>>> print(open('entry12.tsv').read())   # TSV, C-alpha atoms
chain	number	residue	atom	x	y	z
C	1	MET	CA	-110.09	108.66	-157.76
C	2	ILE	CA	-111.67	106.91	-154.79
C	3	VAL	CA	-109.68	104.03	-153.34
C	4	ARG	CA	-111.14	102.36	-150.29
C	5	GLY	CA	-109.65	100.12	-147.63
C	6	LEU	CA	-106.90	102.16	-145.97
C	7	GLY	CA	-108.27	101.92	-142.43
C	8	GLU	CA	-107.24	104.81	-140.22
C	9	LEU	CA	-106.13	106.87	-143.23
C	10	ALA	CA	-109.63	106.94	-144.67
C	11	ILE	CA	-111.75	110.07	-144.52
C	12	ARG	CA	-115.42	109.11	-144.35
C	13	GLY	CA	-114.24	105.75	-145.64
C	14	ARG	CA	-112.90	107.35	-148.80
C	15	VAL	CA	-109.39	108.41	-149.67
C	16	LEU	CA	-107.71	109.81	-152.73
C	17	LEU	CA	-104.73	107.78	-153.84
C	18	PHE	CA	-102.74	107.31	-157.04
C	19	CYS	CA	-104.64	110.31	-158.48
C	20	THR	CA	-102.00	111.25	-161.00
C	21	LEU	CA	-101.31	107.70	-162.22
C	22	LEU	CA	-104.90	106.57	-162.35
C	23	GLY	CA	-106.06	109.87	-163.77
C	24	MET	CA	-103.70	109.29	-166.67
C	25	LEU	CA	-104.92	105.72	-167.11
C	26	PHE	CA	-108.64	106.41	-166.88
C	27	GLY	CA	-108.94	110.07	-167.93
C	28	LEU	CA	-110.10	111.18	-164.48
C	29	SER	CA	-110.84	114.84	-164.01
C	30	TRP	CA	-110.83	116.46	-160.58
C	31	GLY	CA	-114.37	117.63	-161.21
C	32	SER	CA	-115.59	114.05	-160.89
C	33	LEU	CA	-114.57	114.11	-157.24
C	34	ALA	CA	-116.71	117.09	-156.37
C	35	ASN	CA	-119.75	115.07	-155.30
C	36	GLU	CA	-118.61	112.92	-152.37
C	37	SER	CA	-122.18	111.72	-151.74
C	38	ALA	CA	-122.04	109.43	-154.78
C	39	LEU	CA	-119.44	107.26	-156.44
C	40	PRO	CA	-117.58	109.21	-159.14
C	41	HIS	CA	-117.54	108.28	-162.81
C	42	ILE	CA	-113.82	107.70	-163.31
C	43	GLY	CA	-113.83	106.62	-166.93
C	44	PRO	CA	-114.39	103.61	-169.20
C	45	ALA	CA	-113.27	100.40	-167.51
C	46	PRO	CA	-110.45	98.64	-169.38
C	47	GLN	CA	-111.91	95.83	-171.47
C	48	PHE	CA	-110.44	92.34	-171.72
C	49	THR	CA	-111.08	88.90	-173.17
C	50	LEU	CA	-109.49	86.06	-171.21
C	51	THR	CA	-110.08	82.34	-170.53
C	52	ASP	CA	-112.25	81.19	-167.64
C	53	GLN	CA	-111.94	78.19	-165.32
C	54	ASP	CA	-113.81	76.00	-167.82
C	55	GLY	CA	-111.53	76.93	-170.72
C	56	ARG	CA	-114.11	79.21	-172.31
C	57	PRO	CA	-113.51	82.78	-173.50
C	58	PHE	CA	-114.77	85.47	-171.14
C	59	SER	CA	-115.18	89.06	-172.32
C	60	LEU	CA	-116.00	91.83	-169.89
C	61	GLY	CA	-117.77	93.73	-172.66
C	62	LYS	CA	-120.32	90.93	-173.10
C	63	HIS	CA	-121.52	91.58	-169.55
C	64	LYS	CA	-122.37	95.23	-170.10
C	65	GLY	CA	-125.63	95.88	-168.33
C	66	LYS	CA	-124.39	94.12	-165.21
C	67	VAL	CA	-122.39	95.48	-162.29
C	68	ALA	CA	-118.90	93.94	-162.38
C	69	VAL	CA	-116.21	93.29	-159.79
C	70	VAL	CA	-112.66	92.87	-161.13
C	71	THR	CA	-109.84	91.70	-158.86
C	72	PHE	CA	-106.42	90.03	-159.19
C	73	VAL	CA	-105.21	86.91	-157.33
C	74	PHE	CA	-103.29	83.70	-157.98
C	75	ALA	CA	-103.95	80.13	-156.89
C	76	GLY	CA	-100.55	79.55	-155.31
C	77	CYS	CA	-100.85	82.54	-152.98
C	78	SER	CA	-100.82	81.64	-149.28
C	79	ASP	CA	-101.61	84.94	-147.55
C	80	THR	CA	-103.60	87.87	-148.95
C	81	CYS	CA	-105.24	86.17	-151.95
C	82	PRO	CA	-107.11	83.62	-149.78
C	83	LEU	CA	-108.37	86.42	-147.52
C	84	LEU	CA	-109.54	88.49	-150.47
C	85	THR	CA	-111.14	85.55	-152.27
C	86	ALA	CA	-112.99	84.38	-149.14
C	87	LYS	CA	-114.25	87.93	-148.52
C	88	LEU	CA	-115.55	88.32	-152.08
C	89	VAL	CA	-117.23	84.90	-151.97
C	90	GLY	CA	-118.93	85.95	-148.73
C	91	ILE	CA	-120.18	89.13	-150.38
C	92	GLN	CA	-121.31	87.10	-153.40
C	93	ARG	CA	-123.43	84.91	-151.11
C	94	LYS	CA	-125.01	87.93	-149.39
C	95	LEU	CA	-125.98	89.34	-152.79
C	96	ALA	CA	-127.20	86.02	-154.18
C	97	ARG	CA	-130.59	87.47	-155.11
C	98	ALA	CA	-128.83	90.00	-157.34
C	99	ALA	CA	-126.78	87.31	-159.12
C	100	PRO	CA	-128.34	87.88	-162.58
C	101	GLU	CA	-127.29	91.55	-162.40
C	102	LEU	CA	-123.81	91.03	-160.94
C	103	ILE	CA	-120.57	89.42	-162.11
C	104	PHE	CA	-117.40	88.79	-160.11
C	105	THR	CA	-114.08	88.20	-161.90
C	106	ALA	CA	-110.71	87.18	-160.47
C	107	ILE	CA	-107.79	87.48	-162.88
C	108	THR	CA	-104.64	85.51	-162.16
C	109	VAL	CA	-101.31	87.32	-161.95
C	110	ASP	CA	-99.50	83.98	-162.41
C	111	PRO	CA	-100.63	82.76	-165.84
C	112	LEU	CA	-97.73	80.34	-166.29
C	113	ASN	CA	-99.01	78.21	-163.41
C	114	ASP	CA	-102.71	79.04	-163.22
C	115	THR	CA	-104.32	76.89	-165.88
C	116	PRO	CA	-108.12	76.83	-166.15
C	117	ALA	CA	-108.14	73.52	-164.23
C	118	MET	CA	-106.00	75.04	-161.46
C	119	LEU	CA	-108.32	78.03	-161.21
C	120	LYS	CA	-111.40	75.81	-161.09
C	121	GLU	CA	-109.91	73.88	-158.19
C	122	TYR	CA	-109.12	77.18	-156.48
C	123	ALA	CA	-112.68	78.42	-156.99
C	124	THR	CA	-114.08	75.15	-155.62
C	125	ARG	CA	-111.82	75.43	-152.56
C	126	TYR	CA	-113.53	78.69	-151.63
C	127	SER	CA	-117.02	77.54	-152.67
C	128	ALA	CA	-117.41	80.34	-155.22
C	129	ASN	CA	-120.65	80.18	-157.20
C	130	LEU	CA	-119.36	79.95	-160.76
C	131	VAL	CA	-122.68	81.09	-162.18
C	132	ASN	CA	-121.54	84.66	-161.62
C	133	PHE	CA	-117.91	84.33	-160.50
C	134	ALA	CA	-115.31	83.80	-163.24
C	135	PHE	CA	-111.68	82.93	-162.52
C	136	LEU	CA	-109.60	84.03	-165.49
C	137	THR	CA	-106.24	83.34	-167.06
C	138	GLY	CA	-104.52	84.10	-170.34
C	139	SER	CA	-101.12	84.44	-171.94
C	140	PRO	CA	-98.41	86.30	-170.00
C	141	ASN	CA	-98.75	89.22	-172.42
C	142	GLN	CA	-102.51	89.36	-171.98
C	143	ILE	CA	-102.26	89.32	-168.19
C	144	GLU	CA	-99.50	91.93	-168.21
C	145	GLU	CA	-101.62	94.24	-170.34
C	146	VAL	CA	-104.78	93.84	-168.24
C	147	ALA	CA	-102.90	94.27	-164.96
C	148	HIS	CA	-101.21	97.41	-166.26
C	149	ARG	CA	-104.49	98.90	-167.46
C	150	TYR	CA	-106.03	98.36	-164.02
C	151	ALA	CA	-102.92	99.85	-162.35
C	152	VAL	CA	-101.99	96.51	-160.73
C	153	PHE	CA	-98.28	95.87	-160.13
C	154	ARG	CA	-96.99	92.30	-160.53
C	155	LYS	CA	-93.50	90.83	-160.37
C	156	LYS	CA	-92.25	87.26	-160.31
C	157	GLN	CA	-89.94	86.58	-157.39
C	158	ASP	CA	-86.83	84.36	-157.42
C	159	ASN	CA	-88.59	81.84	-155.17
C	160	GLY	CA	-91.37	81.38	-157.71
C	161	ASN	CA	-93.97	83.45	-155.89
C	162	THR	CA	-95.66	86.43	-157.51
C	163	ASP	CA	-95.62	89.77	-155.76
C	164	HIS	CA	-98.52	92.00	-156.73
C	165	SER	CA	-100.68	94.87	-155.55
C	166	PHE	CA	-104.29	94.31	-154.57
C	167	LEU	CA	-106.84	96.54	-156.24
C	168	THR	CA	-110.44	95.42	-156.63
C	169	SER	CA	-112.48	97.51	-159.06
C	170	LEU	CA	-116.24	98.10	-159.18
C	171	ILE	CA	-117.71	98.76	-162.62
C	172	ASP	CA	-121.24	99.97	-163.28
C	173	ARG	CA	-123.82	98.74	-165.78
C	174	GLN	CA	-122.55	101.13	-168.46
C	175	GLY	CA	-118.99	99.81	-168.22
C	176	THR	CA	-117.67	102.77	-166.23
C	177	LEU	CA	-115.06	102.32	-163.50
C	178	ARG	CA	-116.48	103.83	-160.31
C	179	VAL	CA	-114.27	102.87	-157.32
C	180	GLN	CA	-111.30	100.67	-156.35
C	181	TYR	CA	-110.64	98.91	-153.06
C	182	LEU	CA	-107.06	98.52	-151.87
C	183	GLY	CA	-105.86	95.34	-150.15
C	184	ALA	CA	-108.02	92.69	-148.47
C	185	LYS	CA	-108.83	94.35	-145.14
C	186	PHE	CA	-111.53	96.65	-146.46
C	187	ASP	CA	-114.93	96.82	-144.80
C	188	PRO	CA	-117.19	94.23	-146.51
C	189	GLN	CA	-120.29	96.18	-145.51
C	190	GLU	CA	-118.97	99.27	-147.29
C	191	PHE	CA	-118.12	97.15	-150.33
C	192	GLU	CA	-121.60	95.60	-150.31
C	193	ALA	CA	-123.20	99.04	-149.96
C	194	ASP	CA	-121.27	100.31	-152.98
C	195	LEU	CA	-122.39	97.29	-155.01
C	196	ARG	CA	-126.01	97.80	-153.96
C	197	SER	CA	-125.73	101.45	-154.95
C	198	LEU	CA	-124.45	100.52	-158.41
C	199	LEU	CA	-127.09	97.79	-158.77
C	200	ALA	CA	-129.80	100.34	-158.00
C	201	GLU	CA	-128.54	102.71	-160.72
C	202	GLY	CA	-130.57	102.10	-163.84
C	203	ALA	CA	-132.27	99.02	-162.40
C	204	LYS	CA	-135.25	97.95	-164.45
>>> encode(input="entry12.tsv", output="structure tokens")
Amino acid sequence: MIVRGLGELAIRGRVLLFCTLLGMLFGLSWGSLANESALPHIGPAPQFTLTDQDGRPFSLGKHKGKVAVVTFVFAGCSDTCPLLTAKLVGIQRKLARAAPELIFTAITVDPLNDTPAMLKEYATRYSANLVNFAFLTGSPNQIEEVAHRYAVFRKKQDNGNTDHSFLTSLIDRQGTLRVQYLGAKFDPQEFEADLRSLLAEGAK
């Protein structure tokens, strides 16, 4: 499993982390790591159907054929979520020409507070282009299931905040999970290069 974004711990920008856990979740075999020159094929990306910022159903499976970015944030976050969201919006702008082939999704980890209207206001605050950036919510059970399947930890704190891990997943046109980025301090150029690589795979 390739997880990027660990700074000085990275080897050629790539590190192996959570191999046992994520291997169990995604059916990863060590053989898929043999070719370090290309992103590995980890396994089928977990599918989900949630509600977007306009109150409409959004299904990842309906966007097969596009390259997808899946991350987890919440509107009330005051530290890492804003950094991550701003970074992804910046990457979205740089790849604007590829918009028809690319979809960004941000799934809330605080569904009790993040209504579609709240998420739309959050998206507007960061000037996300909602043509290909969906901010998603759902029932607590739905969010718990999706977070678990993407190996994202979340826990409600006594002060009302939500503590959660930051993993941003890149999914290819065939719906295969290829790489995850840890945290918000990853190199945006490396992230963009990975997206361009996936966009080039099977491009018409």
>>> closest_residue(input="entry12.tsv", among="C:Arg196, C:Lys185, C:Lys120, C:Arg173", to="His41 in chain C", atoms="only C-alpha atoms")
C:Arg173
>>> closest_residue(input="entry12.tsv", among="C:Leu119, C:Ile143, C:Val109, C:Leu130", to="Lys155 in chain C", atoms="all atoms listed in the file")
C:Val109
>>> residues_around(input="entry12.tsv", residues="range 52-54 of chain C", least_positions_apart="3", cutoff="7 Å", atoms="all atoms listed in the file", output="PyMOL selection string")
chain C and resi 57-58+116-117+119-120+134-137
>>> closest_residue(input="entry12.tsv", among="C:Phe48, C:Phe133, C:Leu39, C:Lys64", to="Ala99 in chain C", atoms="all atoms listed in the file")
C:Phe133
>>> residues_around(input="entry12.tsv", residues="Leu177 in chain C", least_positions_apart="3", cutoff="7 Å", atoms="only C-alpha atoms", output="list in words")
His41, Ile42, Gly43, Pro44, Ala45, Leu170, Ile171 and Asp172 of chain C
>>> atom_distance(input="entry12.tsv", atom1="CA of Tyr181 in chain C", atom2="CA of Ser169 in chain C")
6.4 Å
>>> atom_distance(input="entry12.tsv", atom1="CA of Thr49 in chain C", atom2="CA of Ala75 in chain C")
19.8 Å
>>> closest_residue(input="entry12.tsv", among="C:Ala86, C:Leu60, C:Leu50, C:Val70", to="Val179 in chain C", atoms="all atoms listed in the file")
C:Val70
>>> atom_distance(input="entry12.tsv", atom1="CA of Ser78 in chain C", atom2="CA of Ala128 in chain C")
17.7 Å
